[in-house]
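Asker: Structure file my_file.csv (CSV, C-alpha atoms) right here:
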```csv
chain,number,residue,atom,x,y,z
A,1,MET,CA,0.0,0.0,0.0
A,2,ASP,CA,1.2,3.5,-0.8
A,3,LYS,CA,2.7,4.8,2.4
A,4,PHE,CA,1.5,8.3,1.5
A,5,ALA,CA,-2.1,7.4,1.0
A,6,ASP,CA,-2.9,7.9,4.6
A,7,SER,CA,-2.2,11.7,4.4
A,8,ALA,CA,-5.2,12.0,2.0
A,9,THR,CA,-7.5,10.4,4.5
A,10,ASP,CA,-6.1,12.1,7.6
A,11,PHE,CA,-8.9,14.5,8.5
A,12,GLY,CA,-6.9,16.0,11.4
A,13,ALA,CA,-4.2,17.2,9.0
A,14,PRO,CA,-4.2,20.9,8.0
A,15,PRO,CA,-6.2,21.7,4.8
A,16,MET,CA,-4.2,21.4,1.7
A,17,VAL,CA,-4.4,23.2,-1.7
A,18,GLU,CA,-4.0,20.4,-4.2
A,19,GLY,CA,-2.9,20.3,-7.8
A,20,ILE,CA,-1.9,17.8,-10.4
A,21,ALA,CA,1.6,17.5,-11.8
A,22,GLN,CA,3.4,15.2,-14.2
A,23,VAL,CA,6.8,13.7,-13.6
A,24,VAL,CA,9.2,14.9,-16.4
A,25,ALA,CA,12.6,13.8,-15.1
A,26,VAL,CA,14.1,11.6,-12.5
A,27,GLU,CA,17.5,12.5,-11.1
A,28,GLY,CA,18.7,10.1,-8.4
A,29,ASN,CA,16.4,10.5,-5.4
A,30,MET,CA,14.7,13.6,-6.8
A,31,VAL,CA,12.0,14.0,-9.4
A,32,TRP,CA,11.2,17.1,-11.6
A,33,LEU,CA,7.5,17.8,-12.0
A,34,VAL,CA,5.6,20.2,-14.3
A,35,PRO,CA,2.1,21.4,-13.2
A,36,GLU,CA,-0.6,20.2,-15.5
A,37,SER,CA,-2.3,22.7,-17.8
A,38,GLY,CA,-5.5,24.3,-16.6
A,39,SER,CA,-5.6,27.9,-15.3
A,40,SER,CA,-7.0,28.7,-11.9
A,41,CYS,CA,-10.3,29.6,-13.6
A,42,GLY,CA,-10.3,26.6,-15.9
A,43,GLY,CA,-13.5,25.4,-14.3
A,44,CYS,CA,-15.4,28.5,-15.1
A,45,ALA,CA,-18.5,27.9,-17.2
A,46,SER,CA,-17.3,30.7,-19.6
A,47,ALA,CA,-13.8,29.3,-19.9
A,48,ALA,CA,-14.1,28.8,-23.6
A,49,ALA,CA,-14.9,32.5,-24.1
A,50,CYS,CA,-12.5,33.9,-21.5
A,51,GLY,CA,-9.3,35.3,-22.9
A,52,SER,CA,-7.4,34.7,-19.7
A,53,LYS,CA,-7.5,30.9,-20.0
A,54,GLY,CA,-5.0,30.6,-22.8
A,55,ILE,CA,-2.4,32.9,-21.3
A,56,GLY,CA,-1.7,30.9,-18.2
A,57,THR,CA,-1.6,27.5,-19.8
A,58,VAL,CA,1.0,27.7,-22.6
A,59,ALA,CA,3.7,25.0,-22.3
A,60,SER,CA,6.6,27.4,-21.8
A,61,ARG,CA,4.9,29.0,-18.8
A,62,LEU,CA,4.2,25.6,-17.2
A,63,GLU,CA,7.8,24.5,-18.0
A,64,ALA,CA,9.0,27.7,-16.2
A,65,ARG,CA,7.1,26.6,-13.1
A,66,ARG,CA,8.7,23.1,-12.9
A,67,PHE,CA,9.7,22.0,-9.4
A,68,GLN,CA,11.5,19.3,-7.6
A,69,LEU,CA,10.4,16.7,-5.1
A,70,VAL,CA,12.1,13.9,-3.1
A,71,ASN,CA,11.2,10.7,-4.8
A,72,ASP,CA,10.2,8.6,-1.8
A,73,ALA,CA,7.3,7.0,-3.6
A,74,GLY,CA,9.3,5.6,-6.5
A,75,LEU,CA,7.8,7.8,-9.2
A,76,ARG,CA,8.6,7.3,-12.9
A,77,ILE,CA,8.6,9.6,-15.9
A,78,GLY,CA,5.1,10.3,-17.2
A,79,GLU,CA,3.3,9.5,-14.0
A,80,ARG,CA,0.7,12.0,-12.8
A,81,VAL,CA,0.6,12.8,-9.1
A,82,VAL,CA,-1.4,15.0,-6.8
A,83,VAL,CA,0.8,17.5,-4.9
A,84,GLY,CA,-0.3,20.0,-2.3
A,85,ILE,CA,0.7,22.8,-0.1
A,86,ARG,CA,-0.8,23.9,3.2
A,87,GLN,CA,-3.6,26.4,2.8
A,88,ASN,CA,-2.1,28.8,5.3
A,89,THR,CA,1.2,28.6,3.4
A,90,LEU,CA,-0.5,30.1,0.3
A,91,LEU,CA,-1.7,32.9,2.4
A,92,LYS,CA,1.7,33.5,4.0
A,93,ALA,CA,3.3,33.4,0.5
A,94,SER,CA,0.8,35.9,-0.9
A,95,ILE,CA,1.3,38.3,2.1
A,96,THR,CA,5.1,38.0,1.7
A,97,ALA,CA,5.1,38.6,-2.0
A,98,TYR,CA,2.5,41.3,-2.3
A,99,ALA,CA,1.3,42.8,1.1
A,100,ILE,CA,4.8,43.7,2.4
A,101,PRO,CA,5.9,45.7,-0.7
A,102,LEU,CA,2.5,47.4,-0.8
A,103,ALA,CA,2.6,48.3,2.9
A,104,THR,CA,6.1,49.9,2.6
A,105,LEU,CA,5.1,51.6,-0.7
A,106,LEU,CA,2.0,53.2,0.9
A,107,ALA,CA,3.8,54.1,4.1
A,108,ALA,CA,6.7,55.8,2.2
A,109,GLY,CA,4.2,57.7,0.1
A,110,ALA,CA,2.1,58.9,3.0
A,111,LEU,CA,5.2,60.0,4.9
A,112,ALA,CA,6.6,61.9,1.9
A,113,GLN,CA,3.2,63.5,1.1
A,114,TRP,CA,2.9,64.6,4.8
A,115,ALA,CA,6.5,65.9,4.9
A,116,ALA,CA,6.9,67.5,1.4
A,117,GLY,CA,3.5,67.6,-0.2
A,118,SER,CA,4.9,67.3,-3.7
A,119,ASP,CA,3.8,64.7,-6.3
A,120,THR,CA,7.3,64.2,-7.6
A,121,ILE,CA,8.8,63.6,-4.2
A,122,THR,CA,5.9,61.3,-3.2
A,123,MET,CA,6.5,59.3,-6.4
A,124,ILE,CA,10.2,58.9,-5.7
A,125,ALA,CA,9.5,58.0,-2.1
A,126,MET,CA,7.0,55.4,-3.2
A,127,LEU,CA,9.5,53.8,-5.6
A,128,ALA,CA,12.1,53.7,-2.7
A,129,GLY,CA,9.4,52.2,-0.4
A,130,LEU,CA,8.6,49.6,-3.1
A,131,ALA,CA,12.3,48.6,-3.4
A,132,LEU,CA,12.6,48.4,0.4
A,133,GLY,CA,9.4,46.2,0.5
A,134,LEU,CA,10.8,43.9,-2.2
A,135,GLY,CA,14.0,43.5,-0.1
A,136,LEU,CA,11.9,42.6,3.0
A,137,ALA,CA,9.8,40.2,0.9
A,138,ARG,CA,13.0,38.5,-0.2
A,139,LEU,CA,14.1,38.1,3.4
A,140,GLY,CA,10.6,36.8,4.4
A,141,ALA,CA,10.6,34.3,1.5
A,142,GLY,CA,14.1,33.1,2.5
A,143,ARG,CA,12.8,32.5,6.0
A,144,LEU,CA,9.8,30.5,4.7
A,145,LEU,CA,12.1,28.5,2.4
A,146,VAL,CA,14.5,27.6,5.2
A,147,ARG,CA,11.5,26.3,7.2
A,148,GLY,CA,10.5,24.2,4.2
A,149,GLU,CA,7.1,25.8,4.1
A,150,LEU,CA,7.2,26.7,0.4
A,151,ALA,CA,7.9,23.1,-0.9
A,152,PRO,CA,5.0,21.3,-2.3
A,153,ARG,CA,4.3,17.8,-0.8
A,154,PHE,CA,3.5,14.6,-2.6
A,155,ILE,CA,0.0,13.5,-1.6
A,156,ARG,CA,-0.9,10.5,-3.9
A,157,ARG,CA,-0.8,9.3,-7.4
A,158,ALA,CA,-3.5,10.8,-9.6
A,159,SER,CA,-6.2,8.4,-10.7
A,160,PRO,CA,-6.8,8.1,-14.5
A,161,GLY,CA,-8.9,11.0,-15.8
A,162,GLU,CA,-8.5,13.0,-12.7
A,163,THR,CA,-8.1,16.7,-13.3
A,164,CYS,CA,-7.4,19.7,-11.0
A,165,ASN,CA,-11.1,20.7,-11.5
A,166,SER,CA,-12.5,17.3,-10.7
B,1,MET,CA,-6.4,63.4,6.0
B,2,LYS,CA,-10.2,63.1,6.4
B,3,GLU,CA,-10.7,63.5,2.6
B,4,TYR,CA,-8.3,60.6,1.9
B,5,ILE,CA,-10.1,58.3,4.4
B,6,LEU,CA,-13.5,59.2,2.8
B,7,LEU,CA,-12.0,58.6,-0.6
B,8,MET,CA,-10.8,55.1,0.4
B,9,ILE,CA,-14.1,54.1,2.1
B,10,SER,CA,-16.0,55.3,-0.9
B,11,ALA,CA,-13.7,53.4,-3.3
B,12,ALA,CA,-13.7,50.2,-1.3
B,13,LEU,CA,-17.3,49.9,-0.2
B,14,VAL,CA,-19.7,52.5,-1.6
B,15,ASN,CA,-18.4,52.3,-5.2
B,16,ASN,CA,-17.1,48.8,-5.0
B,17,VAL,CA,-15.4,47.7,-8.2
B,18,ILE,CA,-17.3,44.4,-8.5
B,19,LEU,CA,-20.7,45.0,-6.9
B,20,ALA,CA,-21.3,48.7,-7.9
B,21,ARG,CA,-19.3,49.1,-11.1
B,22,PHE,CA,-19.6,45.5,-12.3
B,23,LEU,CA,-15.9,45.2,-13.3
B,24,GLY,CA,-13.8,42.1,-13.0
B,25,LEU,CA,-16.8,39.7,-13.1
B,26,CYS,CA,-14.9,37.0,-15.0
B,27,SER,CA,-12.4,36.5,-12.1
B,28,PHE,CA,-15.2,37.1,-9.6
B,29,MET,CA,-17.1,34.0,-10.9
B,30,GLY,CA,-14.1,32.0,-12.0
B,31,VAL,CA,-11.6,32.2,-9.1
B,32,THR,CA,-14.0,32.2,-6.1
B,33,THR,CA,-14.6,28.5,-5.8
B,34,ARG,CA,-12.1,28.3,-2.9
B,35,ILE,CA,-11.1,30.9,-0.3
B,36,ASP,CA,-7.3,30.3,-0.8
B,37,THR,CA,-7.4,31.0,-4.5
B,38,ALA,CA,-9.6,34.1,-3.9
B,39,VAL,CA,-7.0,35.4,-1.4
B,40,GLY,CA,-4.1,34.7,-3.7
B,41,MET,CA,-5.9,36.4,-6.7
B,42,GLY,CA,-7.1,39.3,-4.5
B,43,LEU,CA,-3.6,40.1,-3.2
B,44,ALA,CA,-2.0,39.8,-6.6
B,45,THR,CA,-4.7,42.0,-8.1
B,46,THR,CA,-4.3,44.6,-5.3
B,47,PHE,CA,-0.6,44.8,-6.0
B,48,VAL,CA,-1.0,45.1,-9.8
B,49,ILE,CA,-3.8,47.7,-9.6
B,50,THR,CA,-1.9,49.9,-7.1
B,51,VAL,CA,1.4,49.8,-9.0
B,52,SER,CA,-0.1,50.1,-12.5
B,53,SER,CA,-2.3,53.0,-11.4
B,54,MET,CA,0.7,54.9,-10.1
B,55,VAL,CA,2.4,54.4,-13.5
B,56,ASP,CA,-0.8,55.3,-15.3
B,57,TRP,CA,-1.1,58.5,-13.3
B,58,ALA,CA,2.5,59.5,-14.2
B,59,VAL,CA,2.0,58.6,-17.9
B,60,GLU,CA,-1.3,60.6,-18.0
B,61,ASP,CA,0.2,63.7,-16.3
B,62,PHE,CA,3.6,63.8,-17.8
B,63,LEU,CA,2.9,62.4,-21.3
B,64,LEU,CA,-0.7,62.2,-22.5
B,65,LEU,CA,-2.0,65.5,-21.2
B,66,PRO,CA,0.9,67.8,-22.0
B,67,TYR,CA,1.2,66.5,-25.6
B,68,GLY,CA,-2.6,66.2,-26.2
B,69,LEU,CA,-2.5,62.5,-26.6
B,70,GLY,CA,-5.6,61.8,-24.7
B,71,TYR,CA,-7.1,59.6,-27.5
B,72,LEU,CA,-4.3,57.1,-26.9
B,73,ARG,CA,-5.2,56.7,-23.2
B,74,THR,CA,-6.9,53.3,-23.4
B,75,VAL,CA,-4.2,51.7,-25.5
B,76,THR,CA,-1.4,53.2,-23.4
B,77,PHE,CA,-3.0,52.0,-20.1
B,78,ILE,CA,-3.4,48.5,-21.5
B,79,LEU,CA,0.3,48.5,-22.4
B,80,VAL,CA,1.2,49.8,-18.9
B,81,ILE,CA,-1.0,47.1,-17.2
B,82,ALA,CA,0.6,44.3,-19.3
B,83,ALA,CA,4.1,45.7,-18.5
B,84,THR,CA,3.3,45.9,-14.8
B,85,VAL,CA,2.1,42.3,-14.7
B,86,GLN,CA,5.3,41.3,-16.6
B,87,PHE,CA,7.4,43.4,-14.1
B,88,THR,CA,5.6,41.8,-11.1
B,89,GLU,CA,6.2,38.3,-12.5
B,90,MET,CA,9.9,39.0,-13.0
B,91,ILE,CA,10.2,40.5,-9.6
B,92,VAL,CA,8.4,37.7,-7.8
B,93,ARG,CA,10.6,35.2,-9.7
B,94,LYS,CA,13.7,37.1,-8.8
B,95,VAL,CA,12.7,37.6,-5.1
B,96,SER,CA,11.9,34.0,-4.6
B,97,PRO,CA,11.5,31.2,-7.2
B,98,PRO,CA,9.4,29.0,-4.9
B,99,LEU,CA,7.0,31.9,-4.4
B,100,PHE,CA,6.8,32.3,-8.2
B,101,GLU,CA,6.0,28.6,-8.5
B,102,MET,CA,3.2,29.0,-6.0
B,103,LEU,CA,1.7,32.3,-7.0
B,104,GLY,CA,2.7,32.8,-10.6
B,105,ILE,CA,-0.5,31.3,-12.0
B,106,TYR,CA,-2.6,34.3,-10.8
B,107,LEU,CA,-0.5,36.9,-12.6
B,108,PRO,CA,-1.4,36.3,-16.2
B,109,LEU,CA,-5.1,36.2,-15.3
B,110,ILE,CA,-4.8,39.8,-14.1
B,111,THR,CA,-3.7,41.1,-17.5
B,112,THR,CA,-7.2,40.5,-18.9
B,113,ASN,CA,-9.0,41.7,-15.8
B,114,CYS,CA,-11.0,44.7,-16.8
B,115,ALA,CA,-11.0,46.0,-13.2
B,116,VAL,CA,-7.4,47.0,-13.5
B,117,LEU,CA,-8.1,49.1,-16.6
B,118,GLY,CA,-11.4,50.4,-15.1
B,119,VAL,CA,-9.7,51.7,-12.0
B,120,ALA,CA,-7.0,53.4,-14.1
B,121,LEU,CA,-9.6,55.2,-16.2
B,122,LEU,CA,-11.6,56.2,-13.2
B,123,LEU,CA,-8.7,57.8,-11.5
B,124,VAL,CA,-8.0,59.9,-14.6
B,125,GLU,CA,-11.7,60.9,-14.6
B,126,GLY,CA,-11.4,61.9,-10.9
B,127,LYS,CA,-8.5,64.3,-11.6
B,128,MET,CA,-6.7,63.4,-8.3
B,129,ASN,CA,-3.2,64.2,-7.1
B,130,PHE,CA,-0.6,61.4,-7.1
B,131,ILE,CA,-1.2,60.2,-3.5
B,132,GLY,CA,-5.0,60.5,-3.9
B,133,ALA,CA,-4.9,58.4,-7.1
B,134,THR,CA,-2.7,55.8,-5.4
B,135,LEU,CA,-4.9,55.5,-2.4
B,136,PHE,CA,-8.0,55.4,-4.6
B,137,ALA,CA,-6.5,52.5,-6.6
B,138,PHE,CA,-5.4,50.7,-3.5
B,139,ALA,CA,-8.8,51.1,-1.8
B,140,SER,CA,-10.6,50.0,-5.0
B,141,SER,CA,-8.5,46.8,-5.1
B,142,VAL,CA,-9.0,46.1,-1.4
B,143,GLY,CA,-12.7,46.4,-2.1
B,144,TYR,CA,-12.3,43.9,-5.0
B,145,SER,CA,-10.3,41.5,-2.8
B,146,LEU,CA,-12.8,41.8,0.1
B,147,VAL,CA,-15.8,40.9,-2.2
B,148,MET,CA,-13.8,38.0,-3.8
B,149,VAL,CA,-13.0,36.5,-0.4
B,150,MET,CA,-16.6,37.0,0.9
B,151,PHE,CA,-18.1,35.4,-2.2
B,152,ALA,CA,-15.6,32.5,-2.0
B,153,GLY,CA,-16.6,31.9,1.6
B,154,LEU,CA,-20.3,31.8,0.5
B,155,ARG,CA,-19.6,29.5,-2.4
B,156,GLU,CA,-17.7,27.1,-0.1
B,157,ARG,CA,-20.8,27.0,2.1
B,158,MET,CA,-23.1,26.6,-0.9
B,159,ALA,CA,-21.1,23.6,-2.1
B,160,LEU,CA,-22.3,21.8,1.1
B,161,ALA,CA,-25.9,23.1,0.8
B,162,ASP,CA,-28.8,21.2,-0.8
B,163,ILE,CA,-29.5,23.4,-3.8
B,164,PRO,CA,-32.1,22.4,-6.4
B,165,ARG,CA,-30.5,21.0,-9.5
B,166,LEU,CA,-31.9,23.8,-11.6
B,167,PHE,CA,-30.1,26.5,-9.6
B,168,ALA,CA,-26.9,24.6,-8.8
B,169,GLY,CA,-23.6,26.2,-10.0
B,170,PRO,CA,-23.5,29.6,-11.7
B,171,PRO,CA,-27.3,30.4,-11.3
B,172,ILE,CA,-27.2,30.3,-7.5
B,173,GLY,CA,-23.8,32.1,-7.7
B,174,PHE,CA,-25.4,35.0,-9.6
B,175,ILE,CA,-28.3,35.1,-7.2
B,176,VAL,CA,-26.0,35.3,-4.2
B,177,ALA,CA,-23.8,37.9,-6.0
B,178,SER,CA,-26.9,40.1,-6.6
B,179,MET,CA,-27.9,39.8,-2.9
B,180,LEU,CA,-24.3,40.8,-2.0
B,181,ALA,CA,-24.6,43.8,-4.3
B,182,LEU,CA,-27.9,44.8,-2.6
B,183,ALA,CA,-26.2,44.5,0.8
B,184,PHE,CA,-23.3,46.8,-0.4
B,185,MET,CA,-25.9,49.3,-1.7
B,186,GLY,CA,-26.5,50.0,2.0
B,187,PHE,CA,-23.1,51.7,2.2
B,188,SER,CA,-24.4,54.4,-0.2
B,189,GLY,CA,-26.6,55.7,2.6
B,190,MET,CA,-23.6,56.5,4.8
B,191,SER,CA,-23.4,60.1,6.1
B,192,THR,CA,-20.2,61.9,6.9
B,193,SER,CA,-21.7,64.6,9.1
```
Could you express the structure from this file as structure tokens?
Answerer:
Amino acid sequence: MDKFADSATDFGAPPMVEGIAQVVAVEGNMVWLVPESGSSCGGCASAAACGSKGIGTVASRLEARRFQLVNDAGLRIGERVVVGIRQNTLLKASITAYAIPLATLLAAGALAQWAAGSDTITMIAMLAGLALGLGLARLGAGRLLVRGELAPRFIRRASPGETCNS
Amino acid sequence: MKEYILLMISAALVNNVILARFLGLCSFMGVTTRIDTAVGMGLATTFVITVSSMVDWAVEDFLLLPYGLGYLRTVTFILVIAATVQFTEMIVRKVSPPLFEMLGIYLPLITTNCAVLGVALLLVEGKMNFIGATLFAFASSVGYSLVMVMFAGLRERMALADIPRLFAGPPIGFIVASMLALAFMGFSGMSTS
């Protein structure tokens, strides 16, 4: 029996955001995976008419998002697997990437407007705030990475015909 | 100070991008099946709307208005939005590749989100100063994210509810969205005195 199968039925485990990926390479004890095509709104009823669907699903974009996992489950090239990350990790990642730079940008802008009251100075201060925020985001992301929170986890092998919208 | 706070409340709640102006409805219906995707999309959109609005304000004030190129506004703004999304994507990838792997999927969806262009055009119409325009854009996108998360929470609950087959899926989604819009109409009665 798959030793990871239990994680899918452990109701006490923190909620996971799941996705399907395909194994494209095996290197020693590591596997390279590429997320399967299907944008985050692929399940939308108007997906066929929505211009955003094609943009996020081109092969090159998916290839750019390939990632590595430890191959404890003996995966082979071509296999489809369900991988997941903790729900709160996604929130932490979003806050790190977007909320921190926005907060420093707005704080710098408000401070400059209060001190100088000039549009040009406010603009320069906001750019500086954005750069500072991106630096802080980099530090925060590094900390999350060290704790191993950003790494997707193998959950189970995908059943035939299973999609990320099913 | 007070005028900026009122501007932000008005942009986020009274004139909500989704429920009062009916912009960004594709992502509103498409990405709100789960709260986590709604939060991810909301934060990414907040970042892009704020940054692209800053650039749009600068382009409008330093280029389009002085040289009488107002007729190129829509095309220019679309270009600025696409460039901002590309810039954000590059920055997130540079700041942290694992973050990009996790969040990169939301960024291309924002390029075609009409809420981004709508907010940029609205702030030009409002003839605001730079900080006012930035705060207006930020508050508008916070209002967008708020509604996205609220609606995602409602849809997660609806998935567990016993809904008649005729109304299941998008129909009940639109009915709930209209009720949310009605609830948000209550904010238009707010008084500042």
Asker: Could you work out how far CA of Phe100 (chain B) lies from CA of Ile78 (chain B), giving the answer in Å with one decimal?
Answerer: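 Going from CA of Ile78 (chain B) over to CA of Phe100 (chain B), I get 23.3 Å.
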Asker: Could you pull the residues within 9 Å of region 112-115 of chain B, counting all atoms listed in the file, minus those fewer than 4 positions along the same chain, as a PDB file with C-alpha atoms, in the frame of the given file?
Answerer:
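The resulting file, part-v8.pdb, is reproduced below:
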```pdb
ATOM      1  CA  CYS A  50     -12.500  33.900 -21.500  1.00  0.00           C
ATOM      2  CA  GLY A  51      -9.300  35.300 -22.900  1.00  0.00           C
ATOM      3  CA  SER A  52      -7.400  34.700 -19.700  1.00  0.00           C
TER       4      SER A  52
ATOM      5  CA  VAL B  17     -15.400  47.700  -8.200  1.00  0.00           C
ATOM      6  CA  ILE B  18     -17.300  44.400  -8.500  1.00  0.00           C
ATOM      7  CA  PHE B  22     -19.600  45.500 -12.300  1.00  0.00           C
ATOM      8  CA  LEU B  23     -15.900  45.200 -13.300  1.00  0.00           C
ATOM      9  CA  GLY B  24     -13.800  42.100 -13.000  1.00  0.00           C
ATOM     10  CA  LEU B  25     -16.800  39.700 -13.100  1.00  0.00           C
ATOM     11  CA  CYS B  26     -14.900  37.000 -15.000  1.00  0.00           C
ATOM     12  CA  SER B  27     -12.400  36.500 -12.100  1.00  0.00           C
ATOM     13  CA  THR B  45      -4.700  42.000  -8.100  1.00  0.00           C
ATOM     14  CA  ILE B  49      -3.800  47.700  -9.600  1.00  0.00           C
ATOM     15  CA  ALA B  82       0.600  44.300 -19.300  1.00  0.00           C
ATOM     16  CA  PRO B 108      -1.400  36.300 -16.200  1.00  0.00           C
ATOM     17  CA  VAL B 119      -9.700  51.700 -12.000  1.00  0.00           C
ATOM     18  CA  ALA B 120      -7.000  53.400 -14.100  1.00  0.00           C
ATOM     19  CA  SER B 141      -8.500  46.800  -5.100  1.00  0.00           C
ATOM     20  CA  TYR B 144     -12.300  43.900  -5.000  1.00  0.00           C
TER      21      TYR B 144
END
```
Asker: As an exercise, work out the distance from CA of Glu3 (chain B) to CA of Phe138 (chain B) in Å and give it to one decimal place.
Answerer: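 Distance between the two atoms: 15.1 Å.
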Asker: Quick one: residues within 9 Å of (-13.0, 30.4, -1.8) (file frame), counting all atoms listed in the file, please, as a ChimeraX atom specification.
Answerer: /B:31-39,148-156
Asker: Would you pick out the contacts of region 127-137 of chain A at 10 Å or less, using only C-alpha atoms, so that residues sharing its chain but fewer than 4 positions from it are not included, and give the list as a VMD selection string?
Answerer: (chain A and resid 93 95 to 109 121 to 123 141 to 143) or (chain B and resid 51 54 91 to 92 94 to 96)
Asker: Please produce a file of those selected residues containing C-alpha atoms, as a PDB file, in the frame of the given file.
Answerer:
```pdb
ATOM      1  CA  ALA A  93       3.300  33.400   0.500  1.00  0.00           C
ATOM      2  CA  ILE A  95       1.300  38.300   2.100  1.00  0.00           C
ATOM      3  CA  THR A  96       5.100  38.000   1.700  1.00  0.00           C
ATOM      4  CA  ALA A  97       5.100  38.600  -2.000  1.00  0.00           C
ATOM      5  CA  TYR A  98       2.500  41.300  -2.300  1.00  0.00           C
ATOM      6  CA  ALA A  99       1.300  42.800   1.100  1.00  0.00           C
ATOM      7  CA  ILE A 100       4.800  43.700   2.400  1.00  0.00           C
ATOM      8  CA  PRO A 101       5.900  45.700  -0.700  1.00  0.00           C
ATOM      9  CA  LEU A 102       2.500  47.400  -0.800  1.00  0.00           C
ATOM     10  CA  ALA A 103       2.600  48.300   2.900  1.00  0.00           C
ATOM     11  CA  THR A 104       6.100  49.900   2.600  1.00  0.00           C
ATOM     12  CA  LEU A 105       5.100  51.600  -0.700  1.00  0.00           C
ATOM     13  CA  LEU A 106       2.000  53.200   0.900  1.00  0.00           C
ATOM     14  CA  ALA A 107       3.800  54.100   4.100  1.00  0.00           C
ATOM     15  CA  ALA A 108       6.700  55.800   2.200  1.00  0.00           C
ATOM     16  CA  GLY A 109       4.200  57.700   0.100  1.00  0.00           C
ATOM     17  CA  ILE A 121       8.800  63.600  -4.200  1.00  0.00           C
ATOM     18  CA  THR A 122       5.900  61.300  -3.200  1.00  0.00           C
ATOM     19  CA  MET A 123       6.500  59.300  -6.400  1.00  0.00           C
ATOM     20  CA  ALA A 141      10.600  34.300   1.500  1.00  0.00           C
ATOM     21  CA  GLY A 142      14.100  33.100   2.500  1.00  0.00           C
ATOM     22  CA  ARG A 143      12.800  32.500   6.000  1.00  0.00           C
TER      23      ARG A 143
ATOM     24  CA  VAL B  51       1.400  49.800  -9.000  1.00  0.00           C
ATOM     25  CA  MET B  54       0.700  54.900 -10.100  1.00  0.00           C
ATOM     26  CA  ILE B  91      10.200  40.500  -9.600  1.00  0.00           C
ATOM     27  CA  VAL B  92       8.400  37.700  -7.800  1.00  0.00           C
ATOM     28  CA  LYS B  94      13.700  37.100  -8.800  1.00  0.00           C
ATOM     29  CA  VAL B  95      12.700  37.600  -5.100  1.00  0.00           C
ATOM     30  CA  SER B  96      11.900  34.000  -4.600  1.00  0.00           C
TER      31      SER B  96
END
```
Asker: Taking 4 positions as the minimum chain separation for residues in the same chain, which residues sit within 12 Å of Ser53 (chain B) when counting all atoms listed in the file? Answer as an NGL selection string.
Answerer: (:A and (123)) or (:B and (45-49 or 57-60 or 77-78 or 80-81 or 84 or 115-124 or 128 or 130-141))
Asker: Record the distance separating CA of Val34 (chain A) and CA of Phe87 (chain B), expressed in Å with one decimal.
Answerer: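 Between CA of Val34 (chain A) and CA of Phe87 (chain B) the gap is 23.3 Å.
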Asker: Find, counting only C-alpha atoms, the residue in B:Asn129, B:Ser10, B:Ser145, B:Thr74 that gets nearest to Leu43 (chain B).
Answerer: B:Ser145
Asker: I need the residue nearest chain B from this list: A:Leu139, A:Leu75, A:Asp119, A:Glu149. Use only C-alpha atoms for the distance.
Answerer: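 Among the listed residues, A:Asp119 lies closest to chain B.
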Asker: So that I can see what lies close to Phe184 (chain B), please list as a ChimeraX atom specification the residues with an atom at most 9 Å from it, counting all atoms listed in the file and leaving out residues fewer than 2 positions away in the same chain.
Answerer: /B:13-16,19-20,179-182,186-188
Asker: Neighbouring residues of region 80-83 of chain A were defined as those with any atom within 9 Å, considering all atoms listed in the file; residues of the same chain fewer than 3 positions away were excluded. Please report them as a ChimeraX atom specification.
Answerer: /A:17-23,33,36,75,77,152-160,164
Asker: Reconstruct N, CA and C atoms of region 46-55 of chain B; output as a CSV table (one decimal), in the coordinates of the input.
Answerer:
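Result written to selection00.csv:
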```
chain,number,residue,atom,x,y,z
B,46,THR,N,-4.5,43.4,-6.1
B,46,THR,CA,-4.3,44.6,-5.3
B,46,THR,C,-2.9,45.2,-5.6
B,47,PHE,N,-1.9,44.3,-5.7
B,47,PHE,CA,-0.6,44.8,-6.0
B,47,PHE,C,-0.5,45.4,-7.4
B,48,VAL,N,-1.0,44.7,-8.4
B,48,VAL,CA,-1.0,45.1,-9.8
B,48,VAL,C,-1.8,46.4,-10.0
B,49,ILE,N,-3.0,46.5,-9.4
B,49,ILE,CA,-3.8,47.7,-9.6
B,49,ILE,C,-3.1,48.9,-9.0
B,50,THR,N,-2.6,48.7,-7.8
B,50,THR,CA,-1.9,49.9,-7.1
B,50,THR,C,-0.7,50.4,-8.0
B,51,VAL,N,0.2,49.4,-8.3
B,51,VAL,CA,1.4,49.8,-9.0
B,51,VAL,C,1.1,50.4,-10.4
B,52,SER,N,0.2,49.7,-11.2
B,52,SER,CA,-0.1,50.1,-12.5
B,52,SER,C,-0.9,51.5,-12.5
B,53,SER,N,-1.6,51.7,-11.5
B,53,SER,CA,-2.3,53.0,-11.4
B,53,SER,C,-1.3,54.2,-11.1
B,54,MET,N,-0.3,53.9,-10.3
B,54,MET,CA,0.7,54.9,-10.1
B,54,MET,C,1.4,55.2,-11.5
B,55,VAL,N,1.7,54.2,-12.2
B,55,VAL,CA,2.4,54.4,-13.5
B,55,VAL,C,1.4,55.1,-14.5
```
